[in-house]
Amino acid sequence: MPVSFPAGVEYLRILPEIILTLAGVLIMLLEAVWSDQRRTVFAPISLAALAAALWAAMASSYGPAFSSMLAIGGSATFFRALVIVVGLLAVLASSEYLTRERANGAEYYALILFSVVGQCVMVAANDLLMVFVGLEIASIASYVLAGYLRDDPRNNEAALKYFLLGSFATAFLLYGVAWMYGLTGSTNLSIIREVLLSSGAPSLGLTGVAAALIFVGLAFKISAAPFQIWAPDVYQGAPAPVSAFLSAGPKAAAFAVLVIFMVHFGATAEQLQPVLWACALASMVIGNFAAIQQSNIKRLLAYSSIAHAGYVLVAVTANSEIGAAAVMFYMAAYALTNIGAFAVVTHVARKGERFVSMSDFAGLSRRQPAMAAMLALFLLSLIGVPLTGGFFGKFYIFKAALDSHLVWLTVLGLLNSAVAAYYYLRVLVLMYFHEPGEGAEELPAAGASLQIAVYACAIGTLVLGILPDWVLDYASKAALK
Amino acid sequence: MITSTHYLVLGGLLALIGTLGVLTRRNVVVILMSIELILNAANLNLVAFARELNQIQGQVFAVFVIAIAVAEASVGLGILIALFRNKETVDAGEIDLLKW
């Protein structure tokens, strides 16, 4: 067989991954040779690399790369840009926190970059091998991030739980992938699609089992019920900016892969529709009802993220082009909102994350009006109030579900969002109508980079809420391809 | 004569043993070993299918899996050592600072 080397344009198509990998390696090299005083440059280097990667992702031409291992299309471009923006915001929200915890190490930034690389590979994958490799690159980096402050027992525990359950889930995914390869005779998703469509297709039962195993692995990553058990512990135990990153980036990438599979597995994926239906409903119910009882704000946001995974699964269940566009729009709105909310929590938590219980947010509007207003905006977007991105996100999801005749799921989903309003509003009431508690410390103003992150998230949330067409038009066009 | 079915059954058994191990054992090191068993069950499947289909892809996939499993195991043991320094236990039942 002749050896064919990739053409130049194929390197351009993976330029974002190349830039991020090189920057991550460079940061680790510089850490080894530079003295401690120059540690402050790692954040700017990673920001520059992420910005360059964002440009490269947006400018990339569509088409296959590296013997069709990767396929850059509208959806891949959208999700690559999204996960890179998530990385940008996470770095902006982290640097002040890391200085406060005296843990301003280069490896933190390198790990964020590597995790983003993995997510980029996942969303552009056109081969089961690339899905697996990308998932593992993203996951292994995020296991370490979750336990980044290694002297803090909460961090240790979060990292261990994330690692054990995460790698258990990937093992399932891999076992499913192995079966899918054996049944269809290829790891390439385009070929698998043709084989499954053709008359000589293997029995639906066996491919259904393989697809179900793959779904289990992805359901862990998106923290959908009944595989949500790790999320509250990990989001509570991990450093707050890392929780922000974990709740947005890997989740968006896993949803992108799920949509890719729904498209390529065709009838096999349709068999799983009842399973998806049940998972979507269970995630919404468990997430929302457990969130009501929480007293720790990070845990509350964790349960809320489980519920939001449920909403997005509703759109995946719809299994249509509108559904795919709704997934993209919702993940963009959700990622911005959630990172913003976690960034405000990062600021209020202070050193050692002492102030993360709900009561610590009492009277925040008086202690720090700007931050309280921003958190209020993010919570309103999570509820789905008009003029915020969350409203249109939910609107498109339930529209997609209705178009696919999922009437009951839509009704139950809407009831769930009403329940969700209760616990988000509770935080709002605490911030605006309660006096600050006795032990409340004087809150210094947030650092510049954290403020940029929070305001960028707020602007993004409002833009998605007021001018949703910009993103939605792009998403609908991308979903067609 | 050992056919592909034999390998697939063995793979299925390994995956089952691994899953049971993860769900029932409390020692984190044993849980890690059980996860490795499932990964190797998948590897066995990949290689068996590659032989059955007379292809190379499955074997290449298995090589990737082996490399990634090593990276994963080293990160996992690193996390476990960091935890052991603070808590001096490898029992999953005693790791309960956050509500499990």
# chains A, B, ... in the order shown; residues from 1 in each chain; ligands from 1
$ select_by_dssp --residues "range 1-97 of chain B" --states "alpha helix (DSSP H)" --output "PyMOL selection string"
chain B and resi 4-24+28-53+57-87
$ interface_residues --of "chain B" --to "chain A" --cutoff "6 Å" --atoms "only C-alpha atoms" --output "compact mmCIF listing (two decimals) with all heavy atoms, in the first residue's frame"
# COMPACT_ATOMS: atom_id res chain seq x y z
N ILE B 35 -10.47 -1.63 36.55
CA ILE B 35 -10.67 -0.79 35.36
C ILE B 35 -9.73 -1.22 34.25
O ILE B 35 -10.10 -1.32 33.08
CB ILE B 35 -10.48 0.70 35.73
CG1 ILE B 35 -11.59 1.16 36.67
CG2 ILE B 35 -10.48 1.56 34.48
CD1 ILE B 35 -11.37 2.52 37.25
N ILE B 38 -11.10 -4.11 32.32
CA ILE B 38 -12.10 -3.79 31.28
C ILE B 38 -11.39 -3.27 30.03
O ILE B 38 -11.73 -3.63 28.91
CB ILE B 38 -13.12 -2.74 31.77
CG1 ILE B 38 -13.71 -3.16 33.11
CG2 ILE B 38 -14.24 -2.56 30.75
CD1 ILE B 38 -14.67 -2.18 33.68
N LEU B 39 -10.37 -2.41 30.23
CA LEU B 39 -9.63 -1.89 29.08
C LEU B 39 -9.00 -3.03 28.30
O LEU B 39 -9.01 -3.05 27.06
CB LEU B 39 -8.55 -0.91 29.54
CG LEU B 39 -9.02 0.44 30.09
CD1 LEU B 39 -7.84 1.27 30.55
CD2 LEU B 39 -9.79 1.20 29.01
N ALA B 42 -11.44 -4.89 26.19
CA ALA B 42 -11.67 -4.17 24.92
C ALA B 42 -10.52 -4.43 23.96
O ALA B 42 -10.74 -4.65 22.76
CB ALA B 42 -11.83 -2.69 25.19
N LEU B 46 -10.65 -5.97 20.25
CA LEU B 46 -10.13 -5.27 19.08
C LEU B 46 -9.21 -6.16 18.27
O LEU B 46 -9.31 -6.26 17.04
CB LEU B 46 -9.39 -4.01 19.52
CG LEU B 46 -10.25 -2.84 19.98
CD1 LEU B 46 -9.38 -1.78 20.64
CD2 LEU B 46 -10.97 -2.24 18.79
N PHE B 49 -11.13 -9.08 16.61
CA PHE B 49 -11.88 -8.61 15.44
C PHE B 49 -10.94 -8.31 14.30
O PHE B 49 -11.25 -8.59 13.13
CB PHE B 49 -12.69 -7.36 15.79
CG PHE B 49 -13.97 -7.64 16.52
CD1 PHE B 49 -14.29 -6.95 17.67
CD2 PHE B 49 -14.85 -8.60 16.06
CE1 PHE B 49 -15.47 -7.20 18.34
CE2 PHE B 49 -16.02 -8.86 16.73
CZ PHE B 49 -16.34 -8.16 17.87
N LEU B 83 -3.58 11.73 47.80
CA LEU B 83 -4.64 11.51 48.79
C LEU B 83 -4.08 10.75 49.99
O LEU B 83 -4.38 11.08 51.15
CB LEU B 83 -5.78 10.70 48.17
CG LEU B 83 -6.93 10.46 49.13
CD1 LEU B 83 -8.03 11.46 48.86
CD2 LEU B 83 -7.47 9.07 49.01
N LEU B 98 -16.43 14.75 51.26
CA LEU B 98 -17.56 15.27 50.51
C LEU B 98 -18.60 14.16 50.54
O LEU B 98 -18.25 12.99 50.57
CB LEU B 98 -17.15 15.55 49.06
CG LEU B 98 -15.88 16.38 48.91
CD1 LEU B 98 -15.34 16.24 47.51
CD2 LEU B 98 -16.17 17.82 49.20
$ residues_around --residues "Arg426 in chain A" --least-positions-apart "5" --cutoff "10 Å" --atoms "only C-alpha atoms" --output "list in words"
Ile292, Met358, Ala421 and Met431 of chain A
$ write_last_selection --atoms "N, CA, C and O atoms" --output "PDB file, in the first residue's frame"
ATOM      1  N   ILE A 292     -32.598  21.703  45.331  1.00  0.00           N
ATOM      2  CA  ILE A 292     -33.408  22.449  46.291  1.00  0.00           C
ATOM      3  C   ILE A 292     -32.861  22.316  47.703  1.00  0.00           C
ATOM      4  O   ILE A 292     -32.884  23.258  48.486  1.00  0.00           O
ATOM      5  N   MET A 358     -24.438  28.927  51.114  1.00  0.00           N
ATOM      6  CA  MET A 358     -25.434  29.882  50.644  1.00  0.00           C
ATOM      7  C   MET A 358     -25.474  31.127  51.528  1.00  0.00           C
ATOM      8  O   MET A 358     -25.604  32.246  51.042  1.00  0.00           O
ATOM      9  N   ALA A 421     -36.611  27.275  39.140  1.00  0.00           N
ATOM     10  CA  ALA A 421     -36.651  28.699  39.463  1.00  0.00           C
ATOM     11  C   ALA A 421     -36.587  28.914  40.974  1.00  0.00           C
ATOM     12  O   ALA A 421     -35.982  29.870  41.448  1.00  0.00           O
ATOM     13  N   MET A 431     -29.187  37.361  48.299  1.00  0.00           N
ATOM     14  CA  MET A 431     -28.228  38.405  47.927  1.00  0.00           C
ATOM     15  C   MET A 431     -28.831  39.794  48.103  1.00  0.00           C
ATOM     16  O   MET A 431     -28.156  40.732  48.497  1.00  0.00           O
TER      17      MET A 431
END
$ closest_residue --among "A:Ala210, A:Ala324, A:Val263, A:Gly24" --to "Leu472 in chain A" --atoms "only C-alpha atoms"
A:Ala324
$ atom_distance --atom1 "CA of Ile306 in chain A" --atom2 "CA of Leu98 in chain A"
26.9 Å
$ decode --residues "range 65-79 of chain B" --atoms "all heavy atoms" --output "PDB file, in the first residue's frame"
ATOM      1  N   VAL B  65      -4.696   2.185  22.757  1.00  0.00           N
ATOM      2  CA  VAL B  65      -5.351   1.970  24.046  1.00  0.00           C
ATOM      3  C   VAL B  65      -4.329   1.657  25.124  1.00  0.00           C
ATOM      4  O   VAL B  65      -4.395   2.183  26.244  1.00  0.00           O
ATOM      5  CB  VAL B  65      -6.391   0.833  23.944  1.00  0.00           C
ATOM      6  CG1 VAL B  65      -6.968   0.531  25.318  1.00  0.00           C
ATOM      7  CG2 VAL B  65      -7.494   1.207  22.983  1.00  0.00           C
ATOM      8  N   ILE B  66      -3.325   0.809  24.782  1.00  0.00           N
ATOM      9  CA  ILE B  66      -2.308   0.454  25.777  1.00  0.00           C
ATOM     10  C   ILE B  66      -1.575   1.710  26.239  1.00  0.00           C
ATOM     11  O   ILE B  66      -1.391   1.945  27.438  1.00  0.00           O
ATOM     12  CB  ILE B  66      -1.325  -0.573  25.182  1.00  0.00           C
ATOM     13  CG1 ILE B  66      -2.037  -1.909  24.961  1.00  0.00           C
ATOM     14  CG2 ILE B  66      -0.131  -0.772  26.097  1.00  0.00           C
ATOM     15  CD1 ILE B  66      -1.250  -2.896  24.129  1.00  0.00           C
ATOM     16  N   ALA B  67      -1.188   2.564  25.266  1.00  0.00           N
ATOM     17  CA  ALA B  67      -0.443   3.775  25.621  1.00  0.00           C
ATOM     18  C   ALA B  67      -1.281   4.679  26.518  1.00  0.00           C
ATOM     19  O   ALA B  67      -0.802   5.211  27.529  1.00  0.00           O
ATOM     20  CB  ALA B  67      -0.039   4.518  24.351  1.00  0.00           C
ATOM     21  N   ILE B  68      -2.565   4.840  26.160  1.00  0.00           N
ATOM     22  CA  ILE B  68      -3.413   5.738  26.932  1.00  0.00           C
ATOM     23  C   ILE B  68      -3.698   5.163  28.314  1.00  0.00           C
ATOM     24  O   ILE B  68      -3.733   5.889  29.309  1.00  0.00           O
ATOM     25  CB  ILE B  68      -4.704   6.027  26.150  1.00  0.00           C
ATOM     26  CG1 ILE B  68      -4.383   6.974  25.003  1.00  0.00           C
ATOM     27  CG2 ILE B  68      -5.755   6.646  27.051  1.00  0.00           C
ATOM     28  CD1 ILE B  68      -5.500   7.178  24.047  1.00  0.00           C
ATOM     29  N   ALA B  69      -3.850   3.820  28.384  1.00  0.00           N
ATOM     30  CA  ALA B  69      -4.115   3.208  29.679  1.00  0.00           C
ATOM     31  C   ALA B  69      -2.955   3.445  30.635  1.00  0.00           C
ATOM     32  O   ALA B  69      -3.159   3.665  31.833  1.00  0.00           O
ATOM     33  CB  ALA B  69      -4.367   1.716  29.508  1.00  0.00           C
ATOM     34  N   VAL B  70      -1.727   3.423  30.101  1.00  0.00           N
ATOM     35  CA  VAL B  70      -0.565   3.685  30.953  1.00  0.00           C
ATOM     36  C   VAL B  70      -0.621   5.107  31.494  1.00  0.00           C
ATOM     37  O   VAL B  70      -0.422   5.350  32.692  1.00  0.00           O
ATOM     38  CB  VAL B  70       0.742   3.457  30.165  1.00  0.00           C
ATOM     39  CG1 VAL B  70       1.931   3.920  30.972  1.00  0.00           C
ATOM     40  CG2 VAL B  70       0.884   2.001  29.792  1.00  0.00           C
ATOM     41  N   ALA B  71      -0.921   6.075  30.613  1.00  0.00           N
ATOM     42  CA  ALA B  71      -1.007   7.467  31.050  1.00  0.00           C
ATOM     43  C   ALA B  71      -2.073   7.611  32.126  1.00  0.00           C
ATOM     44  O   ALA B  71      -1.872   8.273  33.151  1.00  0.00           O
ATOM     45  CB  ALA B  71      -1.335   8.368  29.858  1.00  0.00           C
ATOM     46  N   GLU B  72      -3.211   6.948  31.890  1.00  0.00           N
ATOM     47  CA  GLU B  72      -4.316   7.058  32.827  1.00  0.00           C
ATOM     48  C   GLU B  72      -3.948   6.464  34.183  1.00  0.00           C
ATOM     49  O   GLU B  72      -4.192   7.051  35.228  1.00  0.00           O
ATOM     50  CB  GLU B  72      -5.533   6.344  32.239  1.00  0.00           C
ATOM     51  CG  GLU B  72      -6.821   6.766  32.846  1.00  0.00           C
ATOM     52  CD  GLU B  72      -7.997   6.147  32.112  1.00  0.00           C
ATOM     53  OE1 GLU B  72      -8.031   4.914  31.963  1.00  0.00           O
ATOM     54  OE2 GLU B  72      -8.858   6.901  31.677  1.00  0.00           O
ATOM     55  N   ALA B  73      -3.311   5.275  34.140  1.00  0.00           N
ATOM     56  CA  ALA B  73      -2.953   4.616  35.399  1.00  0.00           C
ATOM     57  C   ALA B  73      -1.949   5.452  36.174  1.00  0.00           C
ATOM     58  O   ALA B  73      -2.039   5.564  37.400  1.00  0.00           O
ATOM     59  CB  ALA B  73      -2.387   3.235  35.111  1.00  0.00           C
ATOM     60  N   SER B  74      -0.989   6.088  35.460  1.00  0.00           N
ATOM     61  CA  SER B  74       0.013   6.860  36.192  1.00  0.00           C
ATOM     62  C   SER B  74      -0.626   8.080  36.841  1.00  0.00           C
ATOM     63  O   SER B  74      -0.300   8.426  37.981  1.00  0.00           O
ATOM     64  CB  SER B  74       1.166   7.255  35.279  1.00  0.00           C
ATOM     65  OG  SER B  74       0.667   7.952  34.176  1.00  0.00           O
ATOM     66  N   VAL B  75      -1.556   8.730  36.135  1.00  0.00           N
ATOM     67  CA  VAL B  75      -2.253   9.867  36.733  1.00  0.00           C
ATOM     68  C   VAL B  75      -3.078   9.400  37.933  1.00  0.00           C
ATOM     69  O   VAL B  75      -3.079  10.023  38.997  1.00  0.00           O
ATOM     70  CB  VAL B  75      -3.150  10.562  35.690  1.00  0.00           C
ATOM     71  CG1 VAL B  75      -4.178  11.440  36.364  1.00  0.00           C
ATOM     72  CG2 VAL B  75      -2.311  11.394  34.765  1.00  0.00           C
ATOM     73  N   GLY B  76      -3.744   8.246  37.775  1.00  0.00           N
ATOM     74  CA  GLY B  76      -4.569   7.730  38.866  1.00  0.00           C
ATOM     75  C   GLY B  76      -3.749   7.432  40.095  1.00  0.00           C
ATOM     76  O   GLY B  76      -4.122   7.796  41.220  1.00  0.00           O
ATOM     77  N   LEU B  77      -2.572   6.783  39.911  1.00  0.00           N
ATOM     78  CA  LEU B  77      -1.733   6.474  41.066  1.00  0.00           C
ATOM     79  C   LEU B  77      -1.192   7.755  41.683  1.00  0.00           C
ATOM     80  O   LEU B  77      -1.082   7.865  42.908  1.00  0.00           O
ATOM     81  CB  LEU B  77      -0.597   5.543  40.648  1.00  0.00           C
ATOM     82  CG  LEU B  77      -1.061   4.109  40.353  1.00  0.00           C
ATOM     83  CD1 LEU B  77       0.079   3.277  39.817  1.00  0.00           C
ATOM     84  CD2 LEU B  77      -1.638   3.467  41.602  1.00  0.00           C
ATOM     85  N   GLY B  78      -0.883   8.760  40.844  1.00  0.00           N
ATOM     86  CA  GLY B  78      -0.428  10.045  41.378  1.00  0.00           C
ATOM     87  C   GLY B  78      -1.484  10.676  42.263  1.00  0.00           C
ATOM     88  O   GLY B  78      -1.195  11.146  43.377  1.00  0.00           O
ATOM     89  N   ILE B  79      -2.718  10.646  41.803  1.00  0.00           N
ATOM     90  CA  ILE B  79      -3.818  11.199  42.593  1.00  0.00           C
ATOM     91  C   ILE B  79      -3.967  10.424  43.899  1.00  0.00           C
ATOM     92  O   ILE B  79      -4.140  11.000  44.971  1.00  0.00           O
ATOM     93  CB  ILE B  79      -5.132  11.150  41.777  1.00  0.00           C
ATOM     94  CG1 ILE B  79      -5.082  12.150  40.622  1.00  0.00           C
ATOM     95  CG2 ILE B  79      -6.331  11.439  42.662  1.00  0.00           C
ATOM     96  CD1 ILE B  79      -6.217  12.021  39.636  1.00  0.00           C
TER      97      ILE B  79
END
